file entry.cif (mmCIF, C-alpha atoms)
data_run
loop_
_atom_site.label_atom_id
_atom_site.label_comp_id
_atom_site.auth_asym_id
_atom_site.auth_seq_id
_atom_site.Cartn_x
_atom_site.Cartn_y
_atom_site.Cartn_z
CA MET A 1 116.88 99.40 26.34
CA ILE A 2 119.94 100.99 27.90
CA ILE A 3 122.21 102.86 25.48
CA ALA A 4 125.90 102.84 26.40
CA LYS A 5 127.03 106.44 26.72
CA PHE A 6 130.02 107.70 28.64
CA ASP A 7 128.92 110.67 30.75
CA SER A 8 131.71 112.89 31.99
CA LEU A 9 129.31 114.67 34.35
CA ILE A 10 128.53 111.43 36.20
CA HIS A 11 132.06 110.06 36.05
CA GLY A 12 133.46 112.31 38.80
CA GLN A 13 133.94 110.29 42.01
CA ASN A 14 131.49 112.22 44.18
CA ARG A 15 128.84 112.49 41.47
CA LEU A 16 129.20 108.79 40.64
CA GLN A 17 128.68 108.01 44.32
CA ILE A 18 125.62 110.28 44.46
CA CYS A 19 124.10 108.61 41.37
CA ALA A 20 124.92 105.08 42.64
CA MET A 21 123.20 105.80 45.95
CA LEU A 22 120.16 107.39 44.36
CA ALA A 23 119.86 104.63 41.73
CA VAL A 24 119.05 101.93 44.28
CA THR A 25 116.68 104.02 46.40
CA ALA A 26 113.58 106.14 45.90
CA GLU A 27 114.87 109.16 47.85
CA ILE A 28 117.80 110.05 50.10
CA GLU A 29 118.00 112.93 52.51
CA PHE A 30 120.62 115.62 51.92
CA LYS A 31 122.13 115.09 55.39
CA VAL A 32 122.59 111.34 54.83
CA LEU A 33 124.26 111.91 51.47
CA ARG A 34 126.61 114.51 52.99
CA GLU A 35 127.63 112.09 55.75
CA LYS A 36 128.22 109.23 53.31
CA LEU A 37 130.29 111.38 50.96
CA GLU A 38 132.14 113.03 53.86
CA VAL A 39 132.01 116.45 52.23
CA SER A 40 130.81 119.87 53.33
CA ASP A 41 127.36 121.28 52.56
CA SER A 42 128.75 123.66 49.96
CA VAL A 43 130.70 120.95 48.11
CA LEU A 44 127.67 118.67 48.01
CA SER A 45 125.40 121.52 46.92
CA LYS A 46 127.78 122.28 44.06
CA HIS A 47 127.65 118.67 42.84
CA LEU A 48 123.89 118.52 43.22
CA LYS A 49 123.43 121.78 41.31
CA SER A 50 125.40 120.45 38.36
CA LEU A 51 123.34 117.23 38.35
CA GLU A 52 120.12 119.20 38.71
CA ALA A 53 121.10 121.53 35.87
CA ALA A 54 121.47 118.47 33.63
CA HIS A 55 117.97 117.34 34.78
CA TYR A 56 119.51 114.18 36.28
CA MET A 57 118.23 114.83 39.77
CA ARG A 58 115.21 116.18 41.61
CA LEU A 59 115.35 118.11 44.85
CA THR A 60 112.29 118.26 47.11
CA LYS A 61 111.99 120.20 50.35
CA ARG A 62 109.42 118.94 52.83
CA THR A 63 108.57 119.70 56.43
CA ASP A 64 108.59 116.48 58.40
CA MET A 65 107.64 116.45 62.09
CA GLY A 66 108.35 120.18 62.33
CA ARG A 67 111.75 119.80 60.69
CA LYS A 68 112.68 120.91 57.19
CA ARG A 69 114.23 118.06 55.25
CA THR A 70 115.65 118.06 51.74
CA TRP A 71 115.07 114.87 49.78
CA LEU A 72 116.98 113.96 46.63
CA SER A 73 115.98 111.54 43.93
CA LEU A 74 117.24 110.52 40.51
CA SER A 75 115.04 111.61 37.60
CA MET A 76 114.17 109.27 34.75
CA GLU A 77 116.81 111.01 32.60
CA GLY A 78 119.35 110.67 35.39
CA ARG A 79 118.58 106.98 35.78
CA LYS A 80 119.02 106.44 32.03
CA ALA A 81 122.26 108.43 31.99
CA TYR A 82 123.66 106.53 34.99
CA ASN A 83 122.77 103.11 33.55
CA GLY A 84 124.15 104.17 30.16
CA HIS A 85 127.35 105.32 31.80
CA LEU A 86 127.75 102.00 33.62
CA LYS A 87 127.12 100.15 30.38
CA ALA A 88 129.78 102.24 28.63
CA LEU A 89 132.24 101.45 31.43
CA ARG A 90 131.41 97.74 31.12
CA GLU A 91 132.05 97.93 27.39
CA ILE A 92 135.46 99.46 28.01
CA VAL A 93 136.33 96.72 30.50
CA GLY A 94 134.86 94.03 28.26
CA ASN A 95 136.94 95.15 25.29
CA VAL A 96 140.26 94.13 26.85
CA MET B 1 128.94 107.36 20.37
CA ILE B 2 131.93 105.85 22.08
CA ILE B 3 135.00 105.59 19.89
CA LEU B 4 137.95 103.41 20.70
CA VAL B 5 141.00 105.36 19.60
CA SER B 6 143.89 103.39 20.87
CA THR B 7 144.92 99.80 20.67
CA LEU B 8 146.64 97.59 23.21
CA GLU B 9 149.41 99.35 24.97
CA SER B 10 151.46 96.74 26.86
CA ASN B 11 149.73 96.10 30.21
CA LYS B 12 147.62 99.23 30.23
CA GLY B 13 145.06 97.81 27.82
CA LEU B 14 142.71 99.90 25.73
CA ILE B 15 142.33 103.62 26.09
CA MET B 16 138.96 105.21 25.45
CA ASN B 17 138.46 108.69 24.15
CA LYS B 18 135.21 110.54 24.55
CA ASN B 19 135.37 114.22 23.68
CA GLU B 20 138.16 115.48 25.93
CA GLU B 21 137.76 112.68 28.45
CA THR B 22 140.25 109.85 28.28
CA ILE B 23 139.88 106.90 30.58
CA SER B 24 141.86 103.70 30.78
CA VAL B 25 140.51 100.19 31.25
CA ASN B 26 141.80 100.17 34.81
CA GLU B 27 140.01 103.41 35.57
CA ALA B 28 136.78 102.05 34.11
CA LYS B 29 137.17 98.88 36.16
CA GLN B 30 137.76 100.91 39.33
CA ALA B 31 134.72 103.09 38.63
CA LEU B 32 132.55 100.00 38.13
CA GLU B 33 133.80 98.38 41.33
CA PHE B 34 133.29 101.66 43.18
CA SER B 35 129.70 102.13 42.00
CA SER B 36 128.95 98.47 42.73
CA LYS B 37 130.27 98.85 46.29
CA ILE B 38 128.23 102.02 46.85
CA GLU B 39 125.07 100.31 45.55
CA ARG B 40 125.72 97.32 47.81
CA ASP B 41 126.30 99.53 50.88
CA THR B 42 123.20 101.61 50.16
CA ASN B 43 121.13 98.44 49.71
CA ALA B 44 122.34 97.24 53.10
CA VAL B 45 121.08 100.48 54.69
CA ALA B 46 117.78 100.59 52.80
CA ARG B 47 116.75 96.95 53.26
CA PRO B 48 114.90 95.81 56.38
CA PRO B 49 117.04 94.19 59.09
CA LEU B 50 116.99 90.38 59.07
CA TRP B 51 114.69 90.11 62.10
CA LEU B 52 112.16 92.44 60.50
CA SER B 53 112.36 90.57 57.19
CA LEU B 54 111.62 87.36 59.09
CA ILE B 55 108.67 88.92 60.93
CA ILE B 56 107.17 90.26 57.67
CA ALA B 57 107.73 86.85 56.01
CA PHE B 58 106.19 85.03 58.98
CA PHE B 59 103.02 87.11 58.84
CA TYR B 60 102.78 86.59 55.09
CA ALA B 61 103.23 82.82 55.50
CA MET B 62 100.55 82.87 58.19
CA MET B 63 98.22 84.81 55.87
CA THR B 64 98.73 82.17 53.16
CA TYR B 65 98.13 79.30 55.61
CA SER B 66 95.08 80.90 57.26
CA TRP B 67 93.45 81.67 53.92
CA ALA B 68 94.10 78.12 52.70
CA VAL B 69 92.56 76.40 55.72
CA THR B 70 89.67 78.81 56.36
CA ARG B 71 86.31 77.01 56.26
CA HIS B 72 82.85 77.90 57.49
CA GLU B 73 83.20 75.63 60.50
CA ASN B 74 86.58 76.86 61.82
CA LEU B 75 88.09 80.08 63.14
CA TRP B 76 91.04 80.47 60.78
CA MET B 77 89.50 83.66 59.35
CA LEU B 78 90.54 85.25 62.63
CA GLY B 79 94.11 84.07 61.95
CA LEU B 80 93.93 85.68 58.51
CA ILE B 81 92.76 88.99 60.00
CA ILE B 82 95.45 88.97 62.70
CA SER B 83 98.23 88.04 60.26
CA THR B 84 97.10 90.69 57.74
CA ILE B 85 97.14 93.38 60.44
CA GLY B 86 100.55 92.15 61.67
CA PHE B 87 101.93 92.11 58.12
CA PHE B 88 100.85 95.67 57.36
CA LEU B 89 102.04 96.94 60.76
CA ALA B 90 105.49 95.39 60.19
CA VAL B 91 105.71 96.90 56.68
CA ALA B 92 104.57 100.30 58.01
CA PHE B 93 107.22 100.12 60.75
CA TYR B 94 109.89 99.35 58.14
CA LEU B 95 108.83 102.24 55.89
CA HIS B 96 108.65 104.64 58.84
CA SER B 97 112.11 103.63 60.09
CA THR B 98 113.67 104.14 56.64
CA ARG B 99 112.04 107.55 56.48
CA LEU B 100 113.62 108.46 59.82
CA LEU B 101 116.98 107.12 58.60
CA GLY B 102 116.74 109.35 55.52
CA VAL B 103 116.92 106.54 52.96
CA LYS B 104 113.61 105.66 51.32
CA PRO B 105 113.43 102.32 49.50
CA LYS B 106 111.91 102.03 46.04
CA LEU B 107 108.26 100.96 46.13
CA VAL B 108 107.27 101.50 42.51
CA PRO B 109 109.26 100.21 39.52
CA LYS B 110 111.47 102.82 37.87
CA SER B 111 112.83 100.79 34.97
CA ILE B 112 111.77 97.91 32.73
CA SER B 113 113.87 95.37 34.65
CA GLU B 114 112.29 96.55 37.93
CA PHE B 115 108.83 96.35 36.39
CA LYS B 116 109.56 92.76 35.29
CA PHE B 117 110.81 91.94 38.78
CA HIS B 118 107.62 93.31 40.36
CA LEU B 119 105.45 91.52 37.82
CA PHE B 120 107.12 88.12 38.27
CA THR B 121 107.10 88.30 42.06
CA ALA B 122 103.44 89.43 42.10
CA LEU B 123 102.50 86.54 39.78
CA PHE B 124 104.45 84.06 41.89
CA PHE B 125 103.00 85.16 45.23
CA GLY B 126 99.49 85.44 43.79
CA ALA B 127 99.66 82.01 42.18
CA VAL B 128 100.99 80.32 45.33
CA PHE B 129 98.38 82.13 47.46
CA ILE B 130 95.48 80.99 45.26
CA LEU B 131 96.76 77.48 44.45
CA THR B 132 97.42 76.75 48.12
CA ARG B 133 93.74 77.33 48.89
CA VAL B 134 92.57 75.43 45.82
CA PHE B 135 94.65 72.35 46.72
CA SER B 136 93.75 72.63 50.38
CA GLN B 137 90.04 72.65 49.50
CA GLY B 138 90.72 69.62 47.33
CA ASP B 139 91.81 67.73 50.46
CA VAL B 140 95.51 67.84 49.68
CA LEU B 141 96.56 68.04 53.33
CA TRP B 142 100.18 69.15 52.86
CA ALA B 143 99.34 71.96 50.37
CA SER B 144 98.67 74.59 53.04
CA TYR B 145 101.99 73.86 54.80
CA VAL B 146 104.05 73.80 51.61
CA GLY B 147 102.36 76.90 50.13
CA SER B 148 102.79 79.01 53.26
CA ALA B 149 106.41 77.87 53.76
CA MET B 150 107.14 78.66 50.12
CA ASN B 151 105.61 82.15 50.23
CA GLY B 152 107.27 83.00 53.56
CA SER B 153 110.76 81.80 52.64
CA VAL B 154 110.73 83.41 49.18
CA LEU B 155 109.54 86.73 50.63
CA ALA B 156 112.27 86.68 53.32
CA TYR B 157 114.90 85.87 50.68
CA LEU B 158 113.74 88.65 48.35
CA LEU B 159 113.53 91.23 51.14
CA HIS B 160 117.07 90.45 52.21
CA ASN B 161 118.81 89.97 48.86
CA TYR B 162 116.73 91.95 46.38
CA SER B 163 115.75 95.01 48.38
CA ALA B 164 116.39 97.25 45.36
CA CYS B 165 113.58 95.33 43.58
CA ASP B 166 115.78 94.81 40.55
CA PHE B 167 117.26 91.45 39.68
CA LYS B 168 119.97 93.17 37.60
CA THR B 169 121.14 95.42 40.42
CA ALA B 170 120.84 92.69 43.02
CA ALA B 171 122.84 90.20 40.99
CA GLU B 172 125.60 92.73 40.43
CA THR B 173 125.74 93.96 43.99
CA LYS B 174 125.76 90.63 45.79
#

call {"tool": "encode", "arguments": {"input": "entry.cif", "output": "structure tokens"}}
result
Amino acid sequence: MIIAKFDSLIHGQNRLQICAMLAVTAEIEFKVLREKLEVSDSVLSKHLKSLEAAHYMRLTKRTDMGRKRTWLSLSMEGRKAYNGHLKALREIVGNV
Amino acid sequence: MIILVSTLESNKGLIMNKNEETISVNEAKQALEFSSKIERDTNAVARPPLWLSLIIAFFYAMMTYSWAVTRHENLWMLGLIISTIGFFLAVAFYLHSTRLLGVKPKLVPKSISEFKFHLFTALFFGAVFILTRVFSQGDVLWASYVGSAMNGSVLAYLLHNYSACDFKTAAETK
């Protein structure tokens, strides 16, 4: 069961976008996420570090066809927090 | 716990206070619409293109038909082998292309609603697959056509509209 909980860490526009993208996929490559968000490497890294510090996200580095690729995925805690955050937002909207 | 601290304030609606964070109803609405749009866009990238969905569905329909009409005296087992190989090749091509694109689709359920989705679809496809053969062996001539068309069309529909494998997400992001 999803518990409605407003999460200020997820609520930031870029972090919400990161979580929304990771929620509907298994893994997304760092480069793809950077292009979608239209931010620099350092800005994205900063957002990812804060999500990783909260154990919301997992970062995996793999060599694929001789190329190093960084894959990002939402952890179980991150998935719960994102769904809880959406539920909290829906409750706010539903209370009008 | 979320606490509502303010009441209706003319057109602005309710204001929510959570620790130091204060967000209005409009802001919450915008955030929901934004996340929904992002999920929809990501689904569009992660799902197979329509032509590939149709190819996968065609091979699956052919598998269902071939299995239903296979008898000792005919060669439909060959059709089953060819369609199975074609099905797995098409799925492998899809997974490889998503890997190259940098967006991997979900293959295993990650939540209860996704688990239910996988379970219901597996039961449906399994039941149609088995019942089609059972009816076909019972000399119900149209069973093999109906069963294969049903399996193929449902698979194409699910691949295109429910690529996130979650009926909740799919319904919200349509």

call {"tool": "atom_distance", "arguments": {"input": "entry.cif", "atom1": "atom CA of A:Ser50", "atom2": "atom CA of A:Leu33"}}
result
15.7 Å

call {"tool": "resolve_selection", "arguments": {"input": "entry.cif", "expression": "the PyMOL selection byres ((chain B and resi 155) around 9)", "output": "JSON list (two decimals) with C-alpha atoms, in the frame of the given file"}}
result
[["chain", "number", "residue", "atom", "x", "y", "z"],
["B", 53, "SER", "CA", 112.36, 90.57, 57.19],
["B", 54, "LEU", "CA", 111.62, 87.36, 59.09],
["B", 56, "ILE", "CA", 107.17, 90.26, 57.67],
["B", 57, "ALA", "CA", 107.73, 86.85, 56.01],
["B", 60, "TYR", "CA", 102.78, 86.59, 55.09],
["B", 61, "ALA", "CA", 103.23, 82.82, 55.50],
["B", 125, "PHE", "CA", 103.00, 85.16, 45.23],
["B", 150, "MET", "CA", 107.14, 78.66, 50.12],
["B", 151, "ASN", "CA", 105.61, 82.15, 50.23],
["B", 152, "GLY", "CA", 107.27, 83.00, 53.56],
["B", 153, "SER", "CA", 110.76, 81.80, 52.64],
["B", 154, "VAL", "CA", 110.73, 83.41, 49.18],
["B", 156, "ALA", "CA", 112.27, 86.68, 53.32],
["B", 157, "TYR", "CA", 114.90, 85.87, 50.68],
["B", 158, "LEU", "CA", 113.74, 88.65, 48.35],
["B", 159, "LEU", "CA", 113.53, 91.23, 51.14],
["B", 160, "HIS", "CA", 117.07, 90.45, 52.21]]

call {"tool": "resolve_selection", "arguments": {"input": "entry.cif", "expression": "the PyMOL selection byres ((chain B) within 6 of (chain A))", "output": "PyMOL selection string"}}
result
chain B and resi 25+28+35+39+42+102-106+164

call {"tool": "closest_residue", "arguments": {"input": "entry.cif", "among": "B:Ile112, B:Leu100, B:Trp142, B:Phe120", "to": "A:Met65", "atoms": "all atoms listed in the file"}}
result
B:Leu100

call {"tool": "axis_aligned_box", "arguments": {"input": "entry.cif", "around": "stretch 119-125 of chain B", "padding_each_side": "5 Å", "output": "lines of an AutoDock Vina configuration file"}}
result
center_x = 104.8
center_y = 87.8
center_z = 41.5
size_x = 14.6
size_y = 17.5
size_z = 17.4

call {"tool": "closest_residue", "arguments": {"input": "entry.cif", "among": "A:Ser40, A:Asn83, A:Ser45, A:Arg15", "to": "A:Leu59", "atoms": "all atoms listed in the file"}}
result
A:Ser45

call {"tool": "resolve_selection", "arguments": {"input": "entry.cif", "expression": "the PyMOL selection byres ((chain B and resi 64) around 10)", "output": "list of chain:residue names"}}
result
B:Phe58, B:Phe59, B:Tyr60, B:Ala61, B:Met62, B:Met63, B:Tyr65, B:Ser66, B:Trp67, B:Ala68, B:Val69, B:Leu80, B:Ser83, B:Thr84, B:Phe125, B:Gly126, B:Val128, B:Phe129, B:Ile130, B:Thr132, B:Arg133, B:Ser144, B:Tyr145, B:Gly147, B:Ser148, B:Ala149, B:Met150, B:Asn151, B:Gly152

call {"tool": "closest_residue", "arguments": {"input": "entry.cif", "among": "A:Tyr82, A:Arg34, A:Gly66, A:Lys61", "to": "A:Leu48", "atoms": "only C-alpha atoms"}}
result
A:Arg34

call {"tool": "atom_distance", "arguments": {"input": "entry.cif", "atom1": "atom CA of B:Ala127", "atom2": "atom CA of B:Phe115"}}
result
18.0 Å

call {"tool": "atom_distance", "arguments": {"input": "entry.cif", "atom1": "atom CA of B:Val91", "atom2": "atom CA of B:Leu50"}}
result
13.2 Å

call {"tool": "decode", "arguments": {"input": "entry.cif", "residues": "stretch 43-75 of chain A", "atoms": "N, CA and C atoms", "output": "CSV table (one decimal), in the first residue's frame"}}
result
chain,number,residue,atom,x,y,z
A,43,VAL,N,25.5,19.6,-12.8
A,43,VAL,CA,24.2,19.8,-12.2
A,43,VAL,C,23.5,18.5,-12.0
A,44,LEU,N,23.6,17.6,-13.0
A,44,LEU,CA,22.9,16.4,-12.9
A,44,LEU,C,23.5,15.5,-11.8
A,45,SER,N,24.8,15.5,-11.8
A,45,SER,CA,25.6,14.7,-10.7
A,45,SER,C,25.1,15.2,-9.3
A,46,LYS,N,25.0,16.5,-9.2
A,46,LYS,CA,24.6,17.0,-7.9
A,46,LYS,C,23.2,16.5,-7.5
A,47,HIS,N,22.3,16.5,-8.4
A,47,HIS,CA,20.9,16.0,-8.1
A,47,HIS,C,21.0,14.5,-7.8
A,48,LEU,N,21.7,13.8,-8.6
A,48,LEU,CA,21.8,12.3,-8.4
A,48,LEU,C,22.5,12.0,-7.1
A,49,LYS,N,23.5,12.8,-6.7
A,49,LYS,CA,24.1,12.5,-5.4
A,49,LYS,C,23.1,12.7,-4.3
A,50,SER,N,22.3,13.7,-4.3
A,50,SER,CA,21.3,13.9,-3.3
A,50,SER,C,20.3,12.8,-3.2
A,51,LEU,N,19.9,12.3,-4.4
A,51,LEU,CA,19.0,11.2,-4.4
A,51,LEU,C,19.6,9.9,-3.9
A,52,GLU,N,20.9,9.7,-4.3
A,52,GLU,CA,21.6,8.5,-3.9
A,52,GLU,C,21.9,8.5,-2.4
A,53,ALA,N,22.2,9.7,-1.9
A,53,ALA,CA,22.4,9.9,-0.4
A,53,ALA,C,21.1,9.5,0.4
A,54,ALA,N,20.0,9.7,-0.2
A,54,ALA,CA,18.7,9.3,0.5
A,54,ALA,C,18.3,7.9,0.2
A,55,HIS,N,19.2,7.2,-0.5
A,55,HIS,CA,19.0,5.8,-0.9
A,55,HIS,C,17.8,5.6,-1.9
A,56,TYR,N,17.5,6.7,-2.6
A,56,TYR,CA,16.4,6.6,-3.6
A,56,TYR,C,16.8,6.1,-4.9
A,57,MET,N,18.1,6.1,-5.2
A,57,MET,CA,18.6,5.8,-6.5
A,57,MET,C,19.8,4.9,-6.4
A,58,ARG,N,20.0,4.1,-7.5
A,58,ARG,CA,21.2,3.3,-7.6
A,58,ARG,C,22.0,3.6,-8.8
A,59,LEU,N,23.3,3.7,-8.7
A,59,LEU,CA,24.1,4.1,-9.8
A,59,LEU,C,25.0,2.9,-10.2
A,60,THR,N,25.0,2.4,-11.4
A,60,THR,CA,25.8,1.3,-11.8
A,60,THR,C,26.7,1.7,-13.0
A,61,LYS,N,28.0,1.4,-12.9
A,61,LYS,CA,28.9,1.6,-14.0
A,61,LYS,C,29.3,0.3,-14.7
A,62,ARG,N,29.0,0.3,-16.0
A,62,ARG,CA,29.3,-1.0,-16.7
A,62,ARG,C,30.0,-0.7,-18.0
A,63,THR,N,30.9,-1.6,-18.4
A,63,THR,CA,31.6,-1.4,-19.7
A,63,THR,C,30.7,-2.2,-20.8
A,64,ASP,N,30.3,-1.4,-21.8
A,64,ASP,CA,29.4,-2.0,-22.8
A,64,ASP,C,30.0,-1.7,-24.1
A,65,MET,N,30.4,-2.8,-24.8
A,65,MET,CA,31.0,-2.7,-26.2
A,65,MET,C,32.2,-1.7,-26.1
A,66,GLY,N,33.1,-1.9,-25.1
A,66,GLY,CA,34.3,-1.1,-25.0
A,66,GLY,C,34.1,0.3,-24.5
A,67,ARG,N,32.8,0.6,-24.1
A,67,ARG,CA,32.5,2.0,-23.7
A,67,ARG,C,31.9,2.0,-22.3
A,68,LYS,N,32.5,2.9,-21.4
A,68,LYS,CA,32.0,2.9,-20.1
A,68,LYS,C,30.6,3.7,-20.0
A,69,ARG,N,29.6,3.0,-19.5
A,69,ARG,CA,28.3,3.6,-19.4
A,69,ARG,C,27.8,3.6,-18.0
A,70,THR,N,27.2,4.7,-17.6
A,70,THR,CA,26.6,4.8,-16.2
A,70,THR,C,25.1,4.6,-16.3
A,71,TRP,N,24.6,3.6,-15.6
A,71,TRP,CA,23.2,3.4,-15.6
A,71,TRP,C,22.6,3.7,-14.3
A,72,LEU,N,21.4,4.3,-14.3
A,72,LEU,CA,20.7,4.8,-13.1
A,72,LEU,C,19.4,4.1,-13.0
A,73,SER,N,19.1,3.7,-11.8
A,73,SER,CA,17.7,3.1,-11.5
A,73,SER,C,17.2,3.5,-10.2
A,74,LEU,N,15.9,3.5,-10.1
A,74,LEU,CA,15.2,3.9,-8.8
A,74,LEU,C,15.3,2.6,-7.9
A,75,SER,N,15.7,2.9,-6.6
A,75,SER,CA,15.6,1.8,-5.6
A,75,SER,C,14.2,1.6,-5.2
